[in-house]
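Some notes on the structure that comes next.
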Amino acid sequence: MKTLLILGSKPEPELPPPTSFQEVACANASGHSAERHDLSRPAFTVMTPIMATNIEAGRQSLEALTGLSTGTVYFLRQRNEGKRGFARLLHLIKMSRKKPVHRVQPFYLKRKLRSISYRHDRMVALGPEKYDTLVERLCDRDAEVLSQLERKRPSTGVIALALAIDQKRYDRYILSGFNFELTHPYAINPVIERRGTAASSHAETDVMVMRYLARKTGSIFTTERPVHERAAVPFLPGGIR
C-alpha cells in the first residue's frame with residue numbers, strides 16, 4: 001500500500017508515524033514544516049500566484065522555503081486568466097495598478113524560487129479549467145458541492161489532495177497540518193489582522209470537499225482533530241507520532 005502524506009501549514013502539525021506513509025505533498029510554503037520535522041523531500045508542491053508577489057504574505061511564504069526543494073511544482077494559474085475580450089482587458093488594467101501582471105506568470109515564480117535557492121525537478125502550470133473542473137469531477141458534480149464551489153473555491157491544500165487522487169499513484173492519503181485557519185508556523189499571517197479573524201475563507205468549501213471525497217474513496221484519513229470533527233474524515237488507524 002502506497003500512502004501519501006498531504007501536509008498543510010498549521011503550526012505544530014500532528015504527524016503520523018514515519019512508517020505509515022511513503023511520500024509527502026505540500027501546499028505553498030508547508031515545505032517549511034516538512035523540513036522542520038525531518039520529513040522526506042516532497043514529491044510535489046502546489047503553489048499559487050501569491051508566492052510570486054511582493055505582498056507581505058507572499059514574501060513570508062517565499063522566505064520560509066529558502067534552500068529547500070521539491071519534485072514537481074504545480075503552479076495554479078489565476079482563475080481570472082480565463083477572462084476573454086473586453087472583460088480580460090479591464091481586468092488586466094485593474095490588476096496592473098496593484099501589481100505587475102507578469103508576477104502571476106510561471107516564469108516569474110521560477111525566477112523567485114531561484115533567488116532563494118529553492119530547487120524543483122519541473123514546473124507544471126495548471127489553468128482553472130483543469131484544477132477547478134478536477135474538483136468538480138472528483139465530487140461527481142454533486143449539486144450541494146457545486147453550489148458551495150460557486151461561492152468559494154477550495155484551498156491549495158485541498159487541490160493538492162485532488163491532484164494526488166487524480167494521479168492514481170497512491171492507495172491512501174493522510175491529511176496533516178490542516179486546521180481551516182490562516183495560521184503558519186513561520187510567521188504571523190498579516191491577513192489575520194486585516195480581516196480580524198484567523199478563519200480561512202476556504203474553510204466551508206474545504207470541509208465539504210474533504211467530507212465528500214473521504215466518504216467516496218474510503219482511503220482518506222487525518223491526524224488532525226479539526227478535520228475529523230468538521231469534515232468527518234476518519235482518524236488514521238494507529239494515531240500520531
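Labeling convention for the C-alpha cells: chains A, B, ... as they appear, residues from 1 per chain, ligands from 1 in order of appearance.
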Surrounding residues of range 206-215 of chain A excluding itself and chain neighbours under 6 positions, 6 Å, only C-alpha atoms, as a list in words
Pro154, Ala231, Ala232 and Val233 of chain A
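Across the model, the gap from CA of Glu224 in chain A to CA of Gln60 in chain A is 24.5 Å.
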Please give the complete set of residues from range 78-237 of chain A that DSSP, run on the backbone, assigns to strand (DSSP E or B), formatted as a ChimeraX atom specification.
/A:119-126,172-176,181,199,220-222,235
For those residues, write C-alpha atoms to a file as a short mmCIF file (atom, residue, chain, number, x, y, z; two decimals), in the first residue's frame.
data_model
loop_
_atom_site.label_atom_id
_atom_site.label_comp_id
_atom_site.auth_asym_id
_atom_site.auth_seq_id
_atom_site.Cartn_x
_atom_site.Cartn_y
_atom_site.Cartn_z
CA ARG A 119 15.10 23.56 -6.28
CA HIS A 120 12.49 21.64 -8.21
CA ASP A 121 12.59 18.99 -10.92
CA ARG A 122 9.93 20.56 -13.10
CA MET A 123 7.09 23.07 -13.07
CA VAL A 124 3.63 22.37 -14.45
CA ALA A 125 1.26 25.32 -14.89
CA LEU A 126 -2.40 24.42 -14.44
CA ARG A 172 -4.18 6.00 0.83
CA TYR A 173 -4.00 9.69 1.78
CA ILE A 174 -3.25 11.26 5.17
CA LEU A 175 -4.19 14.89 5.88
CA SER A 176 -1.95 16.54 8.48
CA GLU A 181 -7.26 28.73 9.65
CA ALA A 199 -10.64 31.62 9.96
CA ILE A 220 -8.57 9.42 3.16
CA PHE A 221 -7.56 9.73 6.82
CA THR A 222 -6.39 12.50 9.12
CA PHE A 235 -8.69 9.38 12.18
#
Determine the nearest neighbour of Thr72 in chain A from the options A:Pro17, A:Pro49, A:Gly177, A:Pro42, counting only C-alpha atoms.
A:Pro42
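Ranking A:Ala203, A:Ala162, A:Ile116, A:Val24 by their shortest atom-to-atom distance to Arg59 in chain A, with only C-alpha atoms included, puts A:Ile116 first.
Excluding Phe21 in chain A itself and same-chain residues fewer than 6 positions from it, the residues having an atom within 12 Å of it are A:Met1, A:Lys2, A:Thr3, A:Leu4, A:Leu5, A:Ile6, A:Leu7, A:Leu15, A:Leu39, A:Ser40, A:Tyr170, A:Asp171, A:Arg172, A:Tyr173, A:Ile174, A:Leu175, A:Ser176, A:Phe221, A:Leu236, A:Ile240, counting only C-alpha atoms.
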Point out the residue among A:Ser9, A:Ser61, A:Thr48, A:Thr70 with the least atom-to-atom distance to His184 in chain A, counting only C-alpha atoms.
A:Ser9
For the structure I just gave you, how does DSSP split range 98-195 of chain A - specifically, which residues are alpha helix (DSSP H)? Reply as a ChimeraX atom specification.
/A:98,106-115,128-138,143-151,156-167,190-195
